[in-house]
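Enquirer: This is model21.txt (compact mmCIF, N, CA and C atoms).
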```txt
# COMPACT_ATOMS: atom_id res chain seq x y z
N GLN A 1 0.84 -1.19 0.00
CA GLN A 1 0.00 0.00 0.00
C GLN A 1 0.88 1.24 0.00
N VAL A 2 0.55 2.19 -0.85
CA VAL A 2 1.36 3.39 -0.95
C VAL A 2 1.18 4.27 0.28
N HIS A 3 2.25 4.87 0.68
CA HIS A 3 2.26 5.78 1.81
C HIS A 3 2.89 7.09 1.36
N ILE A 4 2.20 8.20 1.60
CA ILE A 4 2.67 9.51 1.13
C ILE A 4 2.77 10.45 2.32
N VAL A 5 3.91 11.07 2.48
CA VAL A 5 4.12 12.01 3.58
C VAL A 5 4.57 13.34 3.00
N GLU A 6 3.77 14.36 3.25
CA GLU A 6 4.09 15.72 2.80
C GLU A 6 4.62 16.53 3.97
N SER A 7 5.54 17.41 3.69
CA SER A 7 6.11 18.25 4.74
C SER A 7 6.60 19.56 4.15
N GLY A 8 6.89 20.51 5.04
CA GLY A 8 7.49 21.77 4.61
C GLY A 8 6.54 22.95 4.55
N GLY A 9 5.28 22.74 4.84
CA GLY A 9 4.34 23.85 4.79
C GLY A 9 4.41 24.69 6.05
N GLY A 10 3.52 25.65 6.13
CA GLY A 10 3.46 26.49 7.31
C GLY A 10 3.06 27.91 6.99
N LEU A 11 3.37 28.80 7.91
CA LEU A 11 3.04 30.21 7.77
C LEU A 11 4.29 30.98 7.37
N VAL A 12 4.19 31.71 6.29
CA VAL A 12 5.32 32.52 5.82
C VAL A 12 4.82 33.91 5.47
N GLN A 13 5.75 34.83 5.43
CA GLN A 13 5.41 36.21 5.06
C GLN A 13 5.48 36.39 3.55
N THR A 14 4.75 37.34 3.07
CA THR A 14 4.81 37.70 1.66
C THR A 14 6.26 37.95 1.25
N GLY A 15 6.62 37.37 0.12
CA GLY A 15 7.98 37.51 -0.37
C GLY A 15 8.92 36.41 0.06
N GLY A 16 8.47 35.58 0.98
CA GLY A 16 9.30 34.48 1.46
C GLY A 16 9.30 33.30 0.51
N SER A 17 9.99 32.27 0.93
CA SER A 17 10.11 31.05 0.12
C SER A 17 9.84 29.82 0.97
N LEU A 18 9.44 28.77 0.29
CA LEU A 18 9.19 27.49 0.94
C LEU A 18 9.66 26.38 0.03
N ARG A 19 10.02 25.25 0.64
CA ARG A 19 10.21 24.04 -0.14
C ARG A 19 9.36 22.94 0.47
N LEU A 20 8.39 22.49 -0.31
CA LEU A 20 7.55 21.39 0.12
C LEU A 20 8.18 20.07 -0.33
N SER A 21 8.01 19.06 0.51
CA SER A 21 8.52 17.74 0.18
C SER A 21 7.38 16.73 0.24
N CYS A 22 7.48 15.74 -0.61
CA CYS A 22 6.51 14.65 -0.62
C CYS A 22 7.27 13.36 -0.81
N ALA A 23 7.28 12.55 0.23
CA ALA A 23 7.97 11.26 0.17
C ALA A 23 6.95 10.15 0.02
N ALA A 24 7.15 9.35 -1.01
CA ALA A 24 6.24 8.24 -1.28
C ALA A 24 6.95 6.91 -1.03
N SER A 25 6.20 5.92 -0.62
CA SER A 25 6.77 4.60 -0.40
C SER A 25 5.70 3.56 -0.65
N GLY A 26 6.14 2.31 -0.81
CA GLY A 26 5.19 1.23 -1.01
C GLY A 26 4.83 0.98 -2.46
N GLY A 27 5.63 1.49 -3.37
CA GLY A 27 5.33 1.27 -4.77
C GLY A 27 6.47 1.71 -5.65
N SER A 28 6.25 1.62 -6.93
CA SER A 28 7.20 2.09 -7.93
C SER A 28 6.49 3.20 -8.70
N PHE A 29 7.13 4.37 -8.72
CA PHE A 29 6.39 5.56 -9.11
C PHE A 29 6.83 6.13 -10.44
N GLY A 30 5.84 6.52 -11.20
CA GLY A 30 6.07 7.24 -12.43
C GLY A 30 5.98 8.73 -12.16
N THR A 31 5.00 9.35 -12.76
CA THR A 31 4.85 10.79 -12.61
C THR A 31 4.44 11.16 -11.18
N MET A 32 5.08 12.21 -10.68
CA MET A 32 4.73 12.77 -9.37
C MET A 32 4.40 14.24 -9.59
N ALA A 33 3.42 14.73 -8.88
CA ALA A 33 2.93 16.08 -9.16
C ALA A 33 2.48 16.80 -7.90
N TRP A 34 2.33 18.10 -8.05
CA TRP A 34 1.79 18.94 -6.99
C TRP A 34 0.54 19.66 -7.51
N TYR A 35 -0.46 19.73 -6.64
CA TYR A 35 -1.67 20.49 -6.87
C TYR A 35 -1.89 21.37 -5.65
N ARG A 36 -2.82 22.29 -5.78
CA ARG A 36 -3.20 23.08 -4.61
C ARG A 36 -4.68 23.42 -4.68
N GLN A 37 -5.23 23.67 -3.51
CA GLN A 37 -6.64 24.07 -3.43
C GLN A 37 -6.77 25.20 -2.44
N ALA A 38 -7.13 26.36 -2.95
CA ALA A 38 -7.35 27.53 -2.11
C ALA A 38 -8.78 27.49 -1.58
N PRO A 39 -9.03 28.21 -0.49
CA PRO A 39 -10.38 28.22 0.08
C PRO A 39 -11.42 28.66 -0.94
N GLY A 40 -12.46 27.87 -1.08
CA GLY A 40 -13.54 28.21 -1.99
C GLY A 40 -13.25 28.00 -3.46
N LYS A 41 -12.11 27.40 -3.76
CA LYS A 41 -11.74 27.19 -5.16
C LYS A 41 -11.51 25.70 -5.44
N GLN A 42 -11.49 25.37 -6.72
CA GLN A 42 -11.22 24.00 -7.11
C GLN A 42 -9.73 23.69 -7.00
N ARG A 43 -9.44 22.43 -6.86
CA ARG A 43 -8.05 22.00 -6.84
C ARG A 43 -7.43 22.24 -8.21
N GLU A 44 -6.22 22.79 -8.23
CA GLU A 44 -5.59 23.11 -9.49
C GLU A 44 -4.21 22.49 -9.59
N PHE A 45 -3.86 22.12 -10.79
CA PHE A 45 -2.55 21.55 -11.08
C PHE A 45 -1.49 22.64 -11.04
N ILE A 46 -0.34 22.30 -10.44
CA ILE A 46 0.78 23.23 -10.42
C ILE A 46 1.90 22.74 -11.34
N ALA A 47 2.36 21.52 -11.08
CA ALA A 47 3.51 21.01 -11.83
C ALA A 47 3.63 19.51 -11.64
N SER A 48 4.31 18.88 -12.59
CA SER A 48 4.59 17.45 -12.48
C SER A 48 5.99 17.16 -12.98
N VAL A 49 6.50 16.01 -12.56
CA VAL A 49 7.81 15.55 -13.02
C VAL A 49 7.73 14.04 -13.19
N ASN A 50 8.23 13.55 -14.33
CA ASN A 50 8.20 12.10 -14.53
C ASN A 50 9.50 11.47 -14.02
N SER A 51 9.59 10.16 -14.14
CA SER A 51 10.74 9.46 -13.59
C SER A 51 12.03 9.81 -14.32
N GLY A 52 11.89 10.32 -15.53
CA GLY A 52 13.08 10.74 -16.28
C GLY A 52 13.49 12.17 -16.00
N GLY A 53 12.71 12.87 -15.18
CA GLY A 53 13.05 14.25 -14.83
C GLY A 53 12.40 15.31 -15.68
N SER A 54 11.60 14.90 -16.65
CA SER A 54 10.91 15.90 -17.47
C SER A 54 9.78 16.54 -16.67
N THR A 55 9.68 17.83 -16.79
CA THR A 55 8.72 18.58 -15.99
C THR A 55 7.65 19.24 -16.85
N MET A 56 6.51 19.45 -16.23
CA MET A 56 5.43 20.21 -16.85
C MET A 56 4.91 21.18 -15.81
N TYR A 57 4.53 22.36 -16.26
CA TYR A 57 4.00 23.37 -15.37
C TYR A 57 2.68 23.89 -15.92
N ALA A 58 1.78 24.22 -15.00
CA ALA A 58 0.56 24.90 -15.41
C ALA A 58 0.91 26.29 -15.91
N ASP A 59 0.06 26.81 -16.79
CA ASP A 59 0.29 28.18 -17.26
C ASP A 59 0.20 29.16 -16.10
N SER A 60 -0.65 28.83 -15.17
CA SER A 60 -0.80 29.67 -13.98
C SER A 60 -1.13 28.78 -12.80
N PRO A 61 -0.41 28.81 -11.71
CA PRO A 61 0.72 29.71 -11.47
C PRO A 61 1.98 29.24 -12.18
N LYS A 62 2.90 30.08 -12.39
CA LYS A 62 4.13 29.74 -13.09
C LYS A 62 5.21 30.72 -12.70
N GLY A 63 6.43 30.33 -12.97
CA GLY A 63 7.54 31.26 -12.79
C GLY A 63 8.14 31.24 -11.40
N ARG A 64 7.29 31.18 -10.39
CA ARG A 64 7.80 31.20 -9.02
C ARG A 64 7.87 29.81 -8.43
N PHE A 65 7.48 28.82 -9.21
CA PHE A 65 7.42 27.44 -8.74
C PHE A 65 8.45 26.60 -9.47
N ARG A 66 9.08 25.70 -8.74
CA ARG A 66 10.03 24.78 -9.34
C ARG A 66 9.86 23.41 -8.74
N ILE A 67 9.61 22.44 -9.59
CA ILE A 67 9.44 21.06 -9.13
C ILE A 67 10.71 20.29 -9.41
N SER A 68 11.04 19.41 -8.50
CA SER A 68 12.20 18.54 -8.69
C SER A 68 11.93 17.21 -8.00
N ARG A 69 12.85 16.28 -8.24
CA ARG A 69 12.57 14.92 -7.78
C ARG A 69 13.88 14.20 -7.47
N ASP A 70 13.82 13.38 -6.43
CA ASP A 70 14.94 12.50 -6.09
C ASP A 70 14.42 11.07 -6.22
N ASN A 71 14.78 10.42 -7.30
CA ASN A 71 14.26 9.08 -7.56
C ASN A 71 14.74 8.07 -6.52
N ALA A 72 15.92 8.26 -6.01
CA ALA A 72 16.45 7.32 -5.02
C ALA A 72 15.63 7.34 -3.74
N LYS A 73 15.02 8.47 -3.47
CA LYS A 73 14.20 8.62 -2.26
C LYS A 73 12.71 8.62 -2.55
N ASP A 74 12.34 8.48 -3.83
CA ASP A 74 10.92 8.58 -4.21
C ASP A 74 10.28 9.81 -3.59
N THR A 75 10.98 10.91 -3.73
CA THR A 75 10.54 12.17 -3.13
C THR A 75 10.47 13.24 -4.20
N VAL A 76 9.41 14.00 -4.14
CA VAL A 76 9.24 15.13 -5.05
C VAL A 76 9.18 16.41 -4.22
N TYR A 77 9.77 17.45 -4.77
CA TYR A 77 9.86 18.73 -4.07
C TYR A 77 9.16 19.82 -4.88
N LEU A 78 8.67 20.82 -4.16
CA LEU A 78 8.13 22.01 -4.83
C LEU A 78 8.70 23.23 -4.12
N GLU A 79 9.52 23.96 -4.84
CA GLU A 79 10.04 25.21 -4.32
C GLU A 79 9.15 26.35 -4.78
N ILE A 80 8.78 27.20 -3.84
CA ILE A 80 7.94 28.35 -4.16
C ILE A 80 8.67 29.59 -3.68
N ASN A 81 8.91 30.49 -4.59
CA ASN A 81 9.62 31.72 -4.27
C ASN A 81 8.68 32.93 -4.36
N ASN A 82 9.09 34.00 -3.69
CA ASN A 82 8.32 35.24 -3.72
C ASN A 82 6.83 34.97 -3.44
N LEU A 83 6.60 34.31 -2.32
CA LEU A 83 5.24 33.92 -1.98
C LEU A 83 4.32 35.11 -1.85
N LYS A 84 3.09 34.91 -2.30
CA LYS A 84 2.06 35.93 -2.28
C LYS A 84 0.87 35.42 -1.46
N PRO A 85 0.06 36.33 -0.93
CA PRO A 85 -1.12 35.87 -0.17
C PRO A 85 -2.01 34.94 -0.97
N GLU A 86 -2.08 35.13 -2.28
CA GLU A 86 -2.92 34.26 -3.11
C GLU A 86 -2.36 32.85 -3.26
N ASP A 87 -1.17 32.62 -2.77
CA ASP A 87 -0.62 31.26 -2.75
C ASP A 87 -1.12 30.47 -1.55
N THR A 88 -1.84 31.14 -0.66
CA THR A 88 -2.41 30.44 0.49
C THR A 88 -3.36 29.34 0.01
N ALA A 89 -3.07 28.12 0.42
CA ALA A 89 -3.84 26.98 -0.05
C ALA A 89 -3.37 25.73 0.67
N VAL A 90 -4.11 24.67 0.47
CA VAL A 90 -3.63 23.34 0.85
C VAL A 90 -2.95 22.75 -0.38
N TYR A 91 -1.74 22.33 -0.21
CA TYR A 91 -0.95 21.77 -1.32
C TYR A 91 -0.95 20.25 -1.21
N TYR A 92 -1.25 19.61 -2.33
CA TYR A 92 -1.39 18.16 -2.37
C TYR A 92 -0.35 17.53 -3.29
N CYS A 93 0.18 16.44 -2.83
CA CYS A 93 1.07 15.62 -3.63
C CYS A 93 0.24 14.54 -4.33
N ASN A 94 0.59 14.27 -5.56
CA ASN A 94 -0.12 13.29 -6.38
C ASN A 94 0.92 12.39 -7.02
N VAL A 95 0.80 11.08 -6.78
CA VAL A 95 1.82 10.17 -7.32
C VAL A 95 1.15 9.06 -8.10
N LYS A 96 1.77 8.69 -9.19
CA LYS A 96 1.22 7.67 -10.07
C LYS A 96 2.12 6.44 -10.01
N GLN A 97 1.56 5.36 -9.53
CA GLN A 97 2.31 4.11 -9.53
C GLN A 97 2.24 3.47 -10.91
N TRP A 98 3.31 2.80 -11.27
CA TRP A 98 3.32 2.11 -12.56
C TRP A 98 2.25 1.02 -12.61
N SER A 99 1.93 0.45 -11.47
CA SER A 99 1.03 -0.71 -11.43
C SER A 99 -0.44 -0.33 -11.31
N LYS A 100 -0.73 0.97 -11.20
CA LYS A 100 -2.11 1.39 -11.02
C LYS A 100 -2.53 2.35 -12.12
N SER A 101 -3.80 2.33 -12.43
CA SER A 101 -4.30 3.23 -13.46
C SER A 101 -4.66 4.60 -12.93
N THR A 102 -4.86 4.68 -11.61
CA THR A 102 -5.23 5.97 -11.01
C THR A 102 -4.15 6.39 -10.02
N PRO A 103 -3.93 7.69 -9.88
CA PRO A 103 -2.90 8.17 -8.96
C PRO A 103 -3.38 8.14 -7.51
N ASP A 104 -2.43 8.29 -6.62
CA ASP A 104 -2.72 8.41 -5.20
C ASP A 104 -2.43 9.82 -4.73
N TRP A 105 -3.19 10.25 -3.73
CA TRP A 105 -3.06 11.61 -3.21
C TRP A 105 -2.52 11.58 -1.79
N GLY A 106 -1.71 12.60 -1.49
CA GLY A 106 -1.37 12.84 -0.11
C GLY A 106 -2.52 13.52 0.61
N GLN A 107 -2.34 13.69 1.92
CA GLN A 107 -3.41 14.29 2.72
C GLN A 107 -3.45 15.80 2.57
N GLY A 108 -2.40 16.37 2.05
CA GLY A 108 -2.37 17.81 1.87
C GLY A 108 -1.62 18.50 3.00
N ILE A 109 -1.02 19.62 2.65
CA ILE A 109 -0.28 20.39 3.65
C ILE A 109 -0.62 21.87 3.47
N GLN A 110 -0.86 22.53 4.57
CA GLN A 110 -1.30 23.93 4.52
C GLN A 110 -0.11 24.86 4.33
N VAL A 111 -0.29 25.77 3.42
CA VAL A 111 0.63 26.89 3.24
C VAL A 111 -0.18 28.17 3.40
N THR A 112 0.24 29.01 4.32
CA THR A 112 -0.44 30.27 4.57
C THR A 112 0.56 31.40 4.42
N VAL A 113 0.20 32.36 3.59
CA VAL A 113 1.09 33.50 3.34
C VAL A 113 0.45 34.74 3.93
N SER A 114 1.14 35.34 4.85
CA SER A 114 0.61 36.53 5.49
C SER A 114 1.06 37.78 4.75
N SER A 115 0.18 38.75 4.71
CA SER A 115 0.49 40.00 3.99
C SER A 115 1.13 41.02 4.92
```
Can the structure in the file be given as structure tokens, please?
Expert:
Amino acid sequence: QVHIVESGGGLVQTGGSLRLSCAASGGSFGTMAWYRQAPGKQREFIASVNSGGSTMYADSPKGRFRISRDNAKDTVYLEINNLKPEDTAVYYCNVKQWSKSTPDWGQGIQVTVSS
């Protein structure tokens, strides 16, 4: 059974930076991704990275986000720079096992940006 642990969230000031981590275990993973859901809004895709290191980013948000991955640790990272209050959301890790047709989700981690 896959196990996903997200970390690195919290309260930061506008203009600050964060690095979120998502460690997955219990499977063999293909694409790993980050999404977020702000209060009252739908969950939105931020970025993904496949096992070969190729990345994809949403058109928005963009520019201040960087996804990376450590295959040896089955861990995906999301660096967010120049944080803005509108980045306040629950950030979710999404991982796709090679053996499953549907991805698995982490429980989410809160990021709050104070103005």
Enquirer: Separation of atom N of A:Arg64 and atom C of A:Asn81, in Å?
Expert: 6.4 Å
Enquirer: If I take atom C of A:Leu11 and atom C of A:Thr31, how far is one from the other in Å, to one decimal?
Expert: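 Computed distance, atom C of A:Leu11 to atom C of A:Thr31, equals 27.1 Å.
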Enquirer: So which residues are close to (12.0, 19.1, -15.0), meaning at most 8 Å away in the file's coordinates with all atoms listed in the file counted, and can you show them as a list in words?
Expert: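 Taken together, the residues in range are Ser48, Val49, Asn50, Gly52, Gly53, Ser54, Thr55, Met56, Arg66, Ile67, Ser68 and Arg69 of chain A.
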Enquirer: With distances taken over only C-alpha atoms, which residue among A:Asn94, A:Thr14, A:Asn71, A:Ser25 lies nearest A:Glu44?
Expert: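 Nearest candidate to A:Glu44 out of A:Asn94, A:Thr14, A:Asn71, A:Ser25: A:Asn94.
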Enquirer: Please check which residues have atoms at most 6.5 Å from (-0.7, 23.6, 0.4) in the file's coordinates, counting only N, CA and C atoms, and write them as a VMD selection string.
Expert: chain A and resid 36 to 37 88 to 92 108 to 111
Enquirer: Check the smallest atom-to-atom distance from each of A:Phe45, A:Gln1, A:Pro85, A:Gln107 to A:Tyr57 using all atoms listed in the file, then report the winner.
Expert: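 Under the stated criterion, the closest residue is A:Phe45.
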